[in-house]
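A quick write-up on the structure given underneath.
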Amino acid sequence: MEKKHRKHLKSRKSKAFNTLSKYQEDAARVASEIVWRTIKQKYPQFSFENLETLGLKDLDAKYATTYLNRGLLLSSLPERKTFELQAFNTAEGIRPDGGIFFVNSKRDNFKHIVGVLEVKHQGEYDGYTPISNSDWKKRKKDLSIPQAQRPPQAQGNAIERFAKNANAIRTLTSFYGYNPYVVFCEGFDFFLKEDFKIFQAQPYSKKFKDQDSSILMRLIAGKLDSIF
């Protein structure tokens, strides 16, 4: 199975990430670098770190357990033992596209997470995302119908995928009474009803009149302390 999967990855013609997603990730990294320079200049009395300076690939299960155990110890609670945790060795780490910032504690040099940045794009900027050629073909529809005249795609789930990182950071910092995770959301799928005039000329747009995007409810369900 593994060989077949690898063969598929090598032979597929489509890119793993579309151009817009790649641009989004690059923009997040640029913003992260600006924030990094700014906090170092504004707070020279503190010592800051990021994943790069720490030489970390991501925040994996081992790191998370160490971080949590310090909070448990400060709260006079029993520490978590790694051998008690199921699937510990297979747990994936997190690496938000905008980076993670830490500040070193002057008391014990513990590296507190003080900033986590992510960007999520969902829905084309023109307010309408028609069904793609590949999906149209799968549905055995008339390919001579221009893409702009086709019904819209179902709203995506990009915002749902942020929950893993958001919840992980919130859990790690829960002992310290703050949540440093910030996500910037952009794109048509986050529209409010007052934005209808932006895309009202698009085909099939009437179904969205006088209503907010249902995607916003998924965002709220993430239970973030700060959403921009």
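Identifiers for the structure tokens are assigned positionally: chains receive A, B, ... in sequence, residues are indexed from 1 per chain, and ligands are indexed from 1 in the order shown.
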
Give me the residues of region 120-221 of chain A that have any atom at most 10 Å from an atom of region 50-70 of chain A; for each, the nearest atom pair and the distance in Å, rounded to one decimal. Use only C-alpha atoms, sort by chain and number, and format it as CSV.
residue,atom,partner,partner_atom,distance
A:Asn165,CA,A:Leu59,CA,9.9
A:Ala168,CA,A:Ala64,CA,8.5
A:Ile169,CA,A:Ala64,CA,9.2
A:Thr171,CA,A:Leu68,CA,8.1
A:Leu172,CA,A:Leu68,CA,5.8
A:Thr173,CA,A:Leu68,CA,8.1
A:Ser174,CA,A:Leu68,CA,8.9
A:Phe175,CA,A:Leu68,CA,8.2

Since we have the selection now, will you write its residues out, keeping N, CA and C atoms, as a short mmCIF file (atom, residue, chain, number, x, y, z; two decimals), in the first residue's frame?
data_model
loop_
_atom_site.label_atom_id
_atom_site.label_comp_id
_atom_site.auth_asym_id
_atom_site.auth_seq_id
_atom_site.Cartn_x
_atom_site.Cartn_y
_atom_site.Cartn_z
N ASN A 165 -4.65 22.94 16.25
CA ASN A 165 -3.61 23.82 16.76
C ASN A 165 -4.13 24.73 17.85
N ALA A 168 -4.67 22.85 21.09
CA ALA A 168 -3.40 22.43 21.67
C ALA A 168 -2.74 23.59 22.41
N ILE A 169 -2.71 24.76 21.79
CA ILE A 169 -2.09 25.93 22.43
C ILE A 169 -2.88 26.36 23.66
N THR A 171 -4.66 24.52 25.59
CA THR A 171 -4.43 23.55 26.65
C THR A 171 -3.08 23.78 27.32
N LEU A 172 -2.05 23.99 26.51
CA LEU A 172 -0.69 24.18 27.03
C LEU A 172 -0.60 25.40 27.94
N THR A 173 -1.30 26.47 27.59
CA THR A 173 -1.19 27.72 28.35
C THR A 173 -2.30 27.89 29.38
N SER A 174 -3.17 26.89 29.54
CA SER A 174 -4.33 27.02 30.41
C SER A 174 -3.96 27.27 31.87
N PHE A 175 -2.82 26.77 32.30
CA PHE A 175 -2.40 26.96 33.69
C PHE A 175 -1.98 28.40 33.98
#

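Backbone DSSP assigns strand (DSSP E or B) in region 37-217 of chain A to Phe48, Glu49, Asn50, Leu59, Ile94, Ile100, Phe101, Phe102, Val103, Asn104, Lys111, His112, Ile113, Val114, Gly115, Val116, Leu117, Glu118, Val119, Lys120, His121, Pro130, Pro152, Tyr181, Val182, Val183, Phe184, Cys185 and Glu186 of chain A.
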
Atoms kept (C-alpha atoms) for selection, written as a short mmCIF file (atom, residue, chain, number, x, y, z; two decimals), in the first residue's frame:
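Once everything was written out, this is result_20.cif:
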data_model
loop_
_atom_site.label_atom_id
_atom_site.label_comp_id
_atom_site.auth_asym_id
_atom_site.auth_seq_id
_atom_site.Cartn_x
_atom_site.Cartn_y
_atom_site.Cartn_z
CA PHE A 48 12.61 35.63 23.16
CA GLU A 49 12.78 32.38 21.23
CA ASN A 50 10.96 30.81 18.28
CA LEU A 59 5.58 21.10 19.22
CA ILE A 94 1.81 21.23 15.52
CA ILE A 100 5.27 30.35 17.62
CA PHE A 101 7.00 32.82 19.96
CA PHE A 102 8.35 32.10 23.44
CA VAL A 103 9.70 34.28 26.23
CA ASN A 104 12.22 32.91 28.72
CA LYS A 111 10.04 29.07 27.72
CA HIS A 112 6.49 30.42 27.89
CA ILE A 113 4.46 30.45 24.67
CA VAL A 114 3.43 34.08 24.18
CA GLY A 115 2.34 34.22 20.55
CA VAL A 116 0.94 31.85 17.91
CA LEU A 117 -0.17 33.11 14.49
CA GLU A 118 -2.18 31.38 11.76
CA VAL A 119 -3.98 32.48 8.60
CA LYS A 120 -7.00 30.71 7.08
CA HIS A 121 -8.40 31.44 3.62
CA PRO A 130 -17.97 27.68 -8.89
CA PRO A 152 -21.12 27.12 -6.28
CA TYR A 181 -3.36 31.91 19.73
CA VAL A 182 -4.50 34.32 16.99
CA VAL A 183 -6.04 33.31 13.66
CA PHE A 184 -6.69 35.71 10.78
CA CYS A 185 -9.63 34.58 8.64
CA GLU A 186 -10.19 35.81 5.10
#

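Of the listed residues (A:Phe190, A:Tyr204, A:Trp36, A:Phe196), A:Tyr204 comes nearest to Ala148 (chain A); the distances count only C-alpha atoms.
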
Practice item. List the neighbours of Trp136 (chain A) out to 12 Å using only C-alpha atoms; skip same-chain residues closer than 6 positions along the sequence, and give me the result as number ranges by chain. Key: A: 130, 142-147, 149-153

Practice item. Apply DSSP to the structure's backbone, then extract all residues of region 2-211 of chain A labelled helix (DSSP H, G or I) and return them as a ChimeraX atom specification. Key: /A:2-11,19-42,51-54,61-74,82-84,88-90,133-138,147-149,158-161,163-172,174-176,188-190,193-199,205-208

May I have the residues from that selection written out with C-alpha atoms, as a compact mmCIF listing (two decimals), in the first residue's frame?
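Written output follows (part.txt):
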# COMPACT_ATOMS: atom_id res chain seq x y z
CA GLU A 2 2.80 2.38 0.87
CA LYS A 3 4.53 1.93 -2.49
CA LYS A 4 1.31 2.56 -4.39
CA HIS A 5 0.71 5.71 -2.35
CA ARG A 6 4.17 7.06 -3.11
CA LYS A 7 3.77 6.25 -6.79
CA HIS A 8 0.53 8.23 -6.81
CA LEU A 9 2.23 11.24 -5.22
CA LYS A 10 4.98 11.21 -7.83
CA SER A 11 2.65 10.80 -10.80
CA THR A 19 -1.13 29.14 -5.59
CA LEU A 20 -3.36 31.09 -3.24
CA SER A 21 -2.64 28.80 -0.30
CA LYS A 22 1.09 29.06 -0.96
CA TYR A 23 0.83 32.85 -1.08
CA GLN A 24 -1.14 32.77 2.16
CA GLU A 25 1.54 30.73 3.91
CA ASP A 26 4.28 33.02 2.62
CA ALA A 27 2.35 36.08 3.83
CA ALA A 28 1.96 34.49 7.27
CA ARG A 29 5.70 33.91 7.48
CA VAL A 30 6.45 37.50 6.46
CA ALA A 31 4.02 38.81 9.09
CA SER A 32 5.59 36.49 11.64
CA GLU A 33 9.06 37.87 10.90
CA ILE A 34 7.77 41.43 11.34
CA VAL A 35 6.21 40.53 14.70
CA TRP A 36 9.44 38.78 15.71
CA ARG A 37 11.59 41.83 14.98
CA THR A 38 9.09 44.17 16.63
CA ILE A 39 8.82 42.37 19.97
CA LYS A 40 12.59 41.96 20.21
CA GLN A 41 13.09 45.68 19.65
CA LYS A 42 10.22 46.78 21.88
CA LEU A 51 10.94 27.35 16.74
CA GLU A 52 13.93 28.19 14.57
CA THR A 53 16.14 29.48 17.38
CA LEU A 54 15.16 26.52 19.53
CA ALA A 61 3.77 15.15 22.23
CA LYS A 62 7.01 14.99 24.22
CA TYR A 63 7.32 18.78 24.30
CA ALA A 64 3.63 19.21 25.16
CA THR A 65 3.89 16.80 28.09
CA THR A 66 6.90 18.65 29.52
CA TYR A 67 5.09 21.97 29.13
CA LEU A 68 1.92 20.67 30.78
CA ASN A 69 3.79 19.01 33.63
CA ARG A 70 5.29 22.34 34.70
CA GLY A 71 1.80 23.81 34.95
CA LEU A 72 0.55 20.77 36.84
CA LEU A 73 3.47 21.03 39.26
CA LEU A 74 2.76 24.71 39.94
CA THR A 82 4.42 9.46 29.11
CA PHE A 83 4.07 5.68 29.44
CA GLU A 84 0.47 6.22 30.58
CA PHE A 88 2.11 8.86 22.54
CA ASN A 89 4.78 7.92 20.00
CA THR A 90 2.45 8.39 17.03
CA ASN A 133 -13.77 21.21 -13.99
CA SER A 134 -12.77 17.97 -12.28
CA ASP A 135 -15.82 17.90 -9.99
CA TRP A 136 -18.08 18.95 -12.87
CA LYS A 137 -16.75 16.05 -14.91
CA LYS A 138 -17.27 13.59 -12.05
CA GLN A 147 -17.18 27.49 -15.00
CA ALA A 148 -18.49 30.91 -13.96
CA GLN A 149 -22.02 29.79 -14.79
CA ALA A 158 -10.43 25.19 6.27
CA ILE A 159 -11.66 26.77 9.47
CA GLU A 160 -12.32 23.37 11.01
CA ARG A 161 -8.71 22.35 10.55
CA ALA A 163 -9.07 23.64 15.83
CA LYS A 164 -6.26 21.12 16.43
CA ASN A 165 -3.61 23.82 16.76
CA ALA A 166 -5.91 26.23 18.60
CA ASN A 167 -6.95 23.67 21.19
CA ALA A 168 -3.40 22.43 21.67
CA ILE A 169 -2.09 25.93 22.43
CA ARG A 170 -5.03 26.74 24.68
CA THR A 171 -4.43 23.55 26.65
CA LEU A 172 -0.69 24.18 27.03
CA SER A 174 -4.33 27.02 30.41
CA PHE A 175 -2.40 26.96 33.69
CA TYR A 176 -1.22 30.52 33.12
CA PHE A 188 -15.88 34.74 0.93
CA ASP A 189 -16.88 31.90 3.25
CA PHE A 190 -16.60 34.25 6.23
CA LYS A 193 -25.15 39.43 5.32
CA GLU A 194 -24.19 43.08 4.94
CA ASP A 195 -21.44 41.93 2.56
CA PHE A 196 -23.99 40.59 0.06
CA LYS A 197 -23.61 43.62 -2.21
CA ILE A 198 -20.02 42.56 -2.89
CA PHE A 199 -21.05 39.39 -4.73
CA SER A 205 -25.88 34.35 -5.24
CA LYS A 206 -29.50 34.99 -4.24
CA LYS A 207 -29.51 31.99 -1.93
CA PHE A 208 -27.06 33.87 0.33
